[in-house]
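**Q** I am sharing data.cif, which consists of mmCIF, C-alpha atoms:
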data_protein
#
loop_
_atom_site.label_atom_id
_atom_site.label_comp_id
_atom_site.auth_asym_id
_atom_site.auth_seq_id
_atom_site.Cartn_x
_atom_site.Cartn_y
_atom_site.Cartn_z
CA MET L 1 114.43 111.30 78.14
CA ASP L 2 114.86 107.87 79.73
CA VAL L 3 115.28 106.87 83.36
CA HIS L 4 119.09 106.81 83.02
CA ASP L 5 119.05 110.46 81.92
CA ILE L 6 116.67 111.37 84.75
CA LEU L 7 118.98 109.75 87.31
CA GLN L 8 121.76 112.12 86.25
CA ASN L 9 119.79 115.10 87.56
CA PRO L 10 120.82 115.84 91.19
CA ASP L 11 117.51 117.60 91.98
CA GLU L 12 115.05 115.03 93.36
CA HIS L 13 112.13 117.38 92.63
CA ALA L 14 113.03 117.47 88.95
CA ARG L 15 113.49 113.68 88.92
CA PHE L 16 110.14 113.20 90.64
CA ALA L 17 108.38 115.39 88.05
CA ALA L 18 110.11 113.53 85.20
CA TYR L 19 109.15 110.14 86.66
CA VAL L 20 105.54 111.18 87.14
CA ASP L 21 105.46 112.45 83.56
CA GLN L 22 106.90 109.20 82.20
CA LEU L 23 104.57 107.08 84.29
CA GLU L 24 101.55 109.06 83.06
CA GLN L 25 102.50 108.28 79.47
CA VAL L 26 103.70 104.68 79.72
CA ALA L 27 101.76 101.93 77.99
CA ASP L 28 100.60 99.12 80.25
CA ALA L 29 102.87 96.69 78.38
CA ASP L 30 105.93 98.78 79.35
CA ALA L 31 104.81 99.88 82.80
CA ALA L 32 106.39 97.13 84.89
CA ASP L 33 109.80 97.74 83.35
CA LEU L 34 109.53 101.50 83.91
CA VAL L 35 108.34 101.06 87.50
CA SER L 36 111.27 98.74 88.21
CA ARG L 37 113.69 101.31 86.80
CA VAL L 38 112.14 104.22 88.72
CA LEU L 39 112.50 102.22 91.93
CA THR L 40 116.28 102.11 91.40
CA ASP L 41 116.53 105.84 92.13
CA PRO L 42 118.80 106.49 95.14
CA ASP L 43 116.04 108.59 96.77
CA GLU L 44 113.80 105.65 97.66
CA ALA L 45 111.03 107.74 99.22
CA MET L 46 110.76 109.98 96.17
CA ALA L 47 110.78 107.04 93.76
CA GLN L 48 108.15 105.21 95.83
CA SER L 49 105.99 108.34 95.85
CA ALA L 50 106.11 108.63 92.06
CA VAL L 51 105.26 104.94 91.68
CA VAL L 52 102.39 104.96 94.20
CA ARG L 53 100.85 107.87 92.27
CA TYR L 54 101.02 105.75 89.15
CA VAL L 55 99.66 102.65 90.90
CA ASP L 56 96.72 104.58 92.37
CA ARG L 57 95.93 106.28 89.08
CA ARG L 58 96.00 103.07 87.02
CA ALA L 59 94.28 100.96 89.65
CA THR L 60 91.46 103.52 89.84
CA CYS L 61 90.92 103.07 86.11
CA LEU L 62 91.39 99.29 86.01
CA TYR L 63 90.25 97.71 89.28
CA ALA L 64 86.65 97.10 88.27
CA GLY L 65 87.52 95.72 84.84
CA CYS L 66 89.03 92.63 83.31
CA GLY L 67 92.46 94.20 82.64
CA TYR L 68 93.19 94.68 86.33
CA GLU L 69 94.46 91.17 87.14
CA GLU L 70 97.19 91.14 84.48
CA TRP L 71 98.29 94.69 85.31
CA ALA L 72 98.35 94.00 89.07
CA GLN L 73 100.39 90.85 88.55
CA ALA L 74 102.94 92.79 86.48
CA MET L 75 103.08 95.53 89.13
CA ALA L 76 103.56 92.97 91.92
CA GLY L 77 106.62 91.66 90.10
CA ALA L 78 107.95 95.16 89.48
CA THR L 79 107.56 96.25 93.09
CA ILE L 80 109.07 93.18 94.77
CA GLY L 81 111.18 94.31 97.68
CA ASN L 82 109.03 97.36 98.41
CA PRO L 83 106.65 96.48 101.27
CA PHE L 84 104.60 99.68 101.01
CA LEU L 85 103.88 99.24 97.30
CA ALA L 86 103.19 95.52 97.76
CA GLN L 87 100.67 96.39 100.48
CA ARG L 88 99.04 99.06 98.30
CA LEU L 89 98.60 96.53 95.49
CA ARG L 90 97.10 93.96 97.90
CA GLU L 91 94.73 96.62 99.18
CA TRP L 92 93.62 97.54 95.67
CA GLY L 93 92.88 93.84 95.21
CA LEU L 94 90.81 93.81 98.39
CA LEU L 95 88.93 96.94 97.30
CA ARG L 96 88.28 95.24 93.99
CA ALA L 97 86.93 92.14 95.75
CA VAL L 98 84.65 94.21 98.00
CA THR L 99 83.40 96.34 95.10
CA LEU L 100 82.78 93.45 92.71
CA LYS L 101 81.31 91.23 95.45
CA LEU L 102 84.09 88.69 95.12
CA PRO L 103 85.14 86.64 98.17
CA TRP L 104 86.99 88.62 100.86
CA GLN L 105 87.63 88.35 104.57
CA PRO L 106 86.51 90.97 107.13
CA ASP L 107 89.78 90.55 109.04
CA ALA L 108 91.70 91.54 105.91
CA LEU L 109 89.72 94.77 105.78
CA LEU L 110 90.08 95.45 109.49
CA THR L 111 93.85 94.96 109.39
CA SER L 112 94.27 97.05 106.25
CA SER L 113 95.66 100.59 106.19
CA ASN L 114 93.70 103.69 107.11
CA TRP L 115 93.88 104.60 103.40
CA LEU L 116 91.93 101.50 102.35
CA GLN L 117 89.51 101.61 105.26
CA LEU L 118 88.64 105.23 104.53
CA LYS L 119 88.31 104.58 100.79
CA THR L 120 86.06 101.60 101.51
CA ALA L 121 84.01 103.45 104.13
CA ALA L 122 83.25 106.20 101.64
CA GLY L 123 81.27 104.00 99.35
CA THR L 124 81.84 100.39 98.43
CA GLY L 125 79.82 97.31 99.36
CA THR L 126 77.34 97.72 102.18
CA GLU L 127 78.70 94.78 104.20
CA ALA L 128 82.19 96.30 104.22
CA VAL L 129 80.86 99.72 105.15
CA GLU L 130 78.82 98.21 108.00
CA ILE L 131 81.91 96.43 109.32
CA LEU L 132 83.89 99.66 109.22
CA ALA L 133 81.06 101.63 110.87
CA ASP L 134 81.32 99.27 113.82
CA ALA L 135 85.01 98.39 113.91
CA GLY L 136 86.99 100.75 111.68
CA ARG L 137 90.45 101.64 112.96
CA THR L 138 89.83 105.34 113.60
CA LYS L 139 86.93 107.54 114.60
CA ARG L 140 87.14 109.23 111.17
CA ILE L 141 86.77 105.87 109.40
CA ARG L 142 83.85 104.81 111.59
CA ASN L 143 82.11 108.19 111.14
CA THR L 144 82.66 108.14 107.37
CA ALA L 145 81.19 104.63 107.18
CA ARG L 146 78.19 105.62 109.32
CA ALA L 147 77.56 108.67 107.16
CA SER L 148 77.79 106.51 104.03
CA LEU L 149 75.27 104.06 105.49
CA ALA L 150 72.93 106.87 106.53
CA HIS L 151 73.14 108.34 103.04
CA ARG L 152 72.29 104.97 101.51
CA ARG L 153 69.34 104.42 103.86
CA VAL L 154 67.90 107.83 103.05
CA GLY L 155 68.38 107.23 99.33
CA SER L 156 66.95 103.73 99.30
CA GLY L 157 64.46 103.87 102.15
CA THR L 158 65.69 100.51 103.46
CA PRO L 159 66.75 99.78 107.02
CA ARG L 160 70.31 98.81 107.89
CA SER L 161 70.92 95.09 107.50
CA SER L 162 72.53 93.12 110.28
CA VAL L 163 76.12 91.94 109.83
CA SER L 164 77.67 89.68 112.40
CA LEU L 165 81.07 90.74 113.62
CA GLN L 166 81.48 87.70 115.81
CA GLY L 167 85.17 86.89 116.08
CA VAL L 168 86.23 90.24 114.65
CA GLY L 169 88.16 92.52 116.98
CA THR L 170 86.78 96.00 117.53
CA ARG L 171 89.18 98.93 117.57
CA GLN L 172 88.66 102.18 119.40
#
Give the structure from this file in structure tokens form.
**A**
Amino acid sequence: MDVHDILQNPDEHARFAAYVDQLEQVADADAADLVSRVLTDPDEAMAQSAVVRYVDRRATCLYAGCGYEEWAQAMAGATIGNPFLAQRLREWGLLRAVTLKLPWQPDALLTSSNWLQLKTAAGTGTEAVEILADAGRTKRIRNTARASLAHRRVGSGTPRSSVSLQGVGTRQ
């Protein structure tokens, strides 16, 4: 069944399930084309939901490896015109930078979504977790980051390092 056949089904739940199934099976070489076609569904929220599931699943597998850049570039092209998906891809790139100790900016982390801040607070680079412990957007994010830091200190026996947040706005 192709996307055209799926679009003929009036039940958005059935279309969603069919899209998720197709996206789980698509080869990376064909993924951008399929994502673009899924995003033509008249139920934009449902189509976006199916695609973000795919993006999160693939990014989880790829973000720490060398295949991520090419895949992310293809996805950025396929999701043009969808601000939420574009943001999610940018945030996966930021998570990748934090995790792999590539250059990144604290302000980018502090202005990112709750999703990324919480994901980062739960266990990526210590500097990012320290920033979120002090200035994460929500109490949940700050508490998660503090718990992550406490867990690391207990496991490693090392004291918390000092990170300067000078010039970075703190949120309550």
**Q** Which one of L:Leu95, L:Ala14, L:Leu118, L:Ala50 sits closest to Ser148 in chain L if you count all atoms listed in the file?
**A** L:Leu118
**Q** Considering all atoms listed in the file, state which residue in the set L:Val52, L:Ala145, L:Leu94, L:Ala18 is at the smallest distance from Leu109 in chain L.
**A** L:Leu94
**Q** With all atoms listed in the file as the atoms that count, which of L:Ala31, L:Ala147, L:Ala128, L:Leu116 lies nearest to Val98 in chain L?
**A**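 Comparing L:Ala31, L:Ala147, L:Ala128, L:Leu116 against Val98 in chain L, the winner is L:Ala128.
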**Q** Separation of CA of Arg146 in chain L and CA of Ala133 in chain L, in Å?
**A**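 Taking CA of Arg146 in chain L as the start and CA of Ala133 in chain L as the end point, the length is 5.2 Å.
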**Q** Report the residues retrieved by the PyMOL selection byres ((chain L and resi 91) around 9) from the displayed file, expressed as a list in words.
**A**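 For this structure, the PyMOL selection byres ((chain L and resi 91) around 9) captures Ala86, Gln87, Arg88, Leu89, Arg90, Trp92, Gly93, Leu94, Leu95, Arg96, Ala108, Leu109, Ser112, Ser113 and Leu116 of chain L.
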**Q** Just checking: using only C-alpha atoms, which residue out of L:Ser36, L:Met46, L:Arg140, L:Leu23 ends up closest to Arg58 in chain L?
**A**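 Going through L:Ser36, L:Met46, L:Arg140, L:Leu23 one by one, the smallest distance to Arg58 in chain L is for L:Leu23.
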**Q** Quote the spacing between CA of Glu44 in chain L and CA of His13 in chain L in Å to one decimal place.
**A** 12.9 Å
**Q** Skip Asp43 in chain L itself and residues of its chain fewer than 2 positions away, then list as a list in words all residues within 12 Å of it, counting all atoms listed in the file.
**A**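 Non-adjacent residues within range: Leu7, Asn9, Pro10, Asp11, Glu12, His13, Arg15, Phe16, Val38, Leu39, Thr40, Asp41, Ala45, Met46, Ala47, Gln48, Ser49 and Ala50 of chain L.
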**Q** Measuring between all atoms listed in the file, which one of L:Trp71, L:Phe84, L:Trp115, L:Tyr63 shows the shortest distance to Asp30 in chain L?
**A**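 Distance minimum relative to Asp30 in chain L lands on L:Trp71.
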**Q** Between CA of Thr138 in chain L and CA of Ala72 in chain L, measure the distance and give it in Å to one decimal.
**A**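 Taking CA of Thr138 in chain L and CA of Ala72 in chain L, their separation equals 28.3 Å.
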**Q** Go through L:Leu34, L:Lys119, L:Val26, L:Thr126 one by one, measure the shortest atom-to-atom distance of each to Thr144 in chain L using only C-alpha atoms, and give the residue with the smallest value.
**A**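 Answer, going by the shortest atom-to-atom distance: L:Lys119.
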**Q** Can I get range 47-58 of chain L with all heavy atoms filled in, as an mmCIF file, in the frame of the given file?
**A**
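Okay, result.cif is ready:
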data_model
loop_
_atom_site.group_PDB
_atom_site.id
_atom_site.type_symbol
_atom_site.label_atom_id
_atom_site.label_comp_id
_atom_site.auth_asym_id
_atom_site.auth_seq_id
_atom_site.Cartn_x
_atom_site.Cartn_y
_atom_site.Cartn_z
ATOM 1 N N ALA L 47 111.118 108.007 94.802
ATOM 2 C CA ALA L 47 110.780 107.040 93.760
ATOM 3 C C ALA L 47 109.480 106.313 94.113
ATOM 4 O O ALA L 47 108.593 106.145 93.265
ATOM 5 C CB ALA L 47 111.925 106.057 93.576
ATOM 6 N N GLN L 48 109.365 105.893 95.366
ATOM 7 C CA GLN L 48 108.150 105.210 95.830
ATOM 8 C C GLN L 48 106.932 106.119 95.675
ATOM 9 O O GLN L 48 105.859 105.677 95.269
ATOM 10 C CB GLN L 48 108.325 104.796 97.282
ATOM 11 C CG GLN L 48 107.117 104.133 97.873
ATOM 12 C CD GLN L 48 107.364 103.722 99.306
ATOM 13 O OE1 GLN L 48 108.027 102.733 99.542
ATOM 14 N NE2 GLN L 48 106.833 104.491 100.235
ATOM 15 N N SER L 49 107.093 107.391 95.971
ATOM 16 C CA SER L 49 105.990 108.340 95.850
ATOM 17 C C SER L 49 105.534 108.474 94.404
ATOM 18 O O SER L 49 104.329 108.502 94.126
ATOM 19 C CB SER L 49 106.422 109.699 96.407
ATOM 20 O OG SER L 49 105.371 110.618 96.310
ATOM 21 N N ALA L 50 106.472 108.538 93.483
ATOM 22 C CA ALA L 50 106.110 108.630 92.060
ATOM 23 C C ALA L 50 105.378 107.358 91.625
ATOM 24 O O ALA L 50 104.373 107.426 90.910
ATOM 25 C CB ALA L 50 107.361 108.854 91.217
ATOM 26 N N VAL L 51 105.870 106.208 92.071
ATOM 27 C CA VAL L 51 105.260 104.940 91.680
ATOM 28 C C VAL L 51 103.879 104.772 92.308
ATOM 29 O O VAL L 51 102.945 104.321 91.642
ATOM 30 C CB VAL L 51 106.182 103.752 91.995
ATOM 31 C CG1 VAL L 51 105.465 102.427 91.782
ATOM 32 C CG2 VAL L 51 107.439 103.818 91.130
ATOM 33 N N VAL L 52 103.705 105.131 93.574
ATOM 34 C CA VAL L 52 102.390 104.960 94.200
ATOM 35 C C VAL L 52 101.363 105.871 93.516
ATOM 36 O O VAL L 52 100.197 105.483 93.372
ATOM 37 C CB VAL L 52 102.413 105.165 95.723
ATOM 38 C CG1 VAL L 52 102.409 106.615 96.131
ATOM 39 C CG2 VAL L 52 101.235 104.449 96.368
ATOM 40 N N ARG L 53 101.778 107.026 93.053
ATOM 41 C CA ARG L 53 100.850 107.870 92.270
ATOM 42 C C ARG L 53 100.392 107.136 91.033
ATOM 43 O O ARG L 53 99.215 107.149 90.680
ATOM 44 C CB ARG L 53 101.539 109.173 91.842
ATOM 45 C CG ARG L 53 101.498 110.254 92.824
ATOM 46 C CD ARG L 53 102.018 111.502 92.161
ATOM 47 N NE ARG L 53 102.003 112.595 93.086
ATOM 48 C CZ ARG L 53 101.973 113.850 92.726
ATOM 49 N NH1 ARG L 53 101.968 114.184 91.455
ATOM 50 N NH2 ARG L 53 101.958 114.803 93.628
ATOM 51 N N TYR L 54 101.348 106.513 90.352
ATOM 52 C CA TYR L 54 101.020 105.750 89.150
ATOM 53 C C TYR L 54 100.091 104.580 89.488
ATOM 54 O O TYR L 54 99.077 104.373 88.821
ATOM 55 C CB TYR L 54 102.295 105.247 88.464
ATOM 56 C CG TYR L 54 102.005 104.190 87.443
ATOM 57 C CD1 TYR L 54 101.435 104.530 86.211
ATOM 58 C CD2 TYR L 54 102.219 102.844 87.709
ATOM 59 C CE1 TYR L 54 101.115 103.554 85.286
ATOM 60 C CE2 TYR L 54 101.908 101.867 86.789
ATOM 61 C CZ TYR L 54 101.354 102.226 85.583
ATOM 62 O OH TYR L 54 101.019 101.267 84.667
ATOM 63 N N VAL L 55 100.455 103.819 90.507
ATOM 64 C CA VAL L 55 99.660 102.650 90.900
ATOM 65 C C VAL L 55 98.234 103.076 91.224
ATOM 66 O O VAL L 55 97.266 102.469 90.748
ATOM 67 C CB VAL L 55 100.322 101.914 92.087
ATOM 68 C CG1 VAL L 55 99.353 100.930 92.741
ATOM 69 C CG2 VAL L 55 101.585 101.188 91.633
ATOM 70 N N ASP L 56 98.069 104.118 92.012
ATOM 71 C CA ASP L 56 96.720 104.580 92.370
ATOM 72 C C ASP L 56 95.944 105.057 91.157
ATOM 73 O O ASP L 56 94.751 104.762 91.021
ATOM 74 C CB ASP L 56 96.795 105.676 93.430
ATOM 75 C CG ASP L 56 97.169 105.162 94.803
ATOM 76 O OD1 ASP L 56 97.177 103.930 95.023
ATOM 77 O OD2 ASP L 56 97.476 105.998 95.676
ATOM 78 N N ARG L 57 96.614 105.766 90.281
ATOM 79 C CA ARG L 57 95.930 106.280 89.080
ATOM 80 C C ARG L 57 95.471 105.133 88.182
ATOM 81 O O ARG L 57 94.317 105.083 87.757
ATOM 82 C CB ARG L 57 96.854 107.227 88.310
ATOM 83 C CG ARG L 57 96.197 107.850 87.081
ATOM 84 C CD ARG L 57 97.141 108.818 86.369
ATOM 85 N NE ARG L 57 98.379 108.201 85.945
ATOM 86 C CZ ARG L 57 98.537 107.478 84.823
ATOM 87 N NH1 ARG L 57 97.506 107.274 84.018
ATOM 88 N NH2 ARG L 57 99.701 106.969 84.497
ATOM 89 N N ARG L 58 96.365 104.183 87.905
ATOM 90 C CA ARG L 58 96.000 103.070 87.020
ATOM 91 C C ARG L 58 95.001 102.138 87.689
ATOM 92 O O ARG L 58 94.067 101.666 87.047
ATOM 93 C CB ARG L 58 97.243 102.278 86.591
ATOM 94 C CG ARG L 58 98.081 102.974 85.568
ATOM 95 C CD ARG L 58 97.298 103.384 84.323
ATOM 96 N NE ARG L 58 96.897 102.232 83.543
ATOM 97 C CZ ARG L 58 95.811 102.179 82.791
ATOM 98 N NH1 ARG L 58 94.998 103.209 82.699
ATOM 99 N NH2 ARG L 58 95.514 101.086 82.115
#
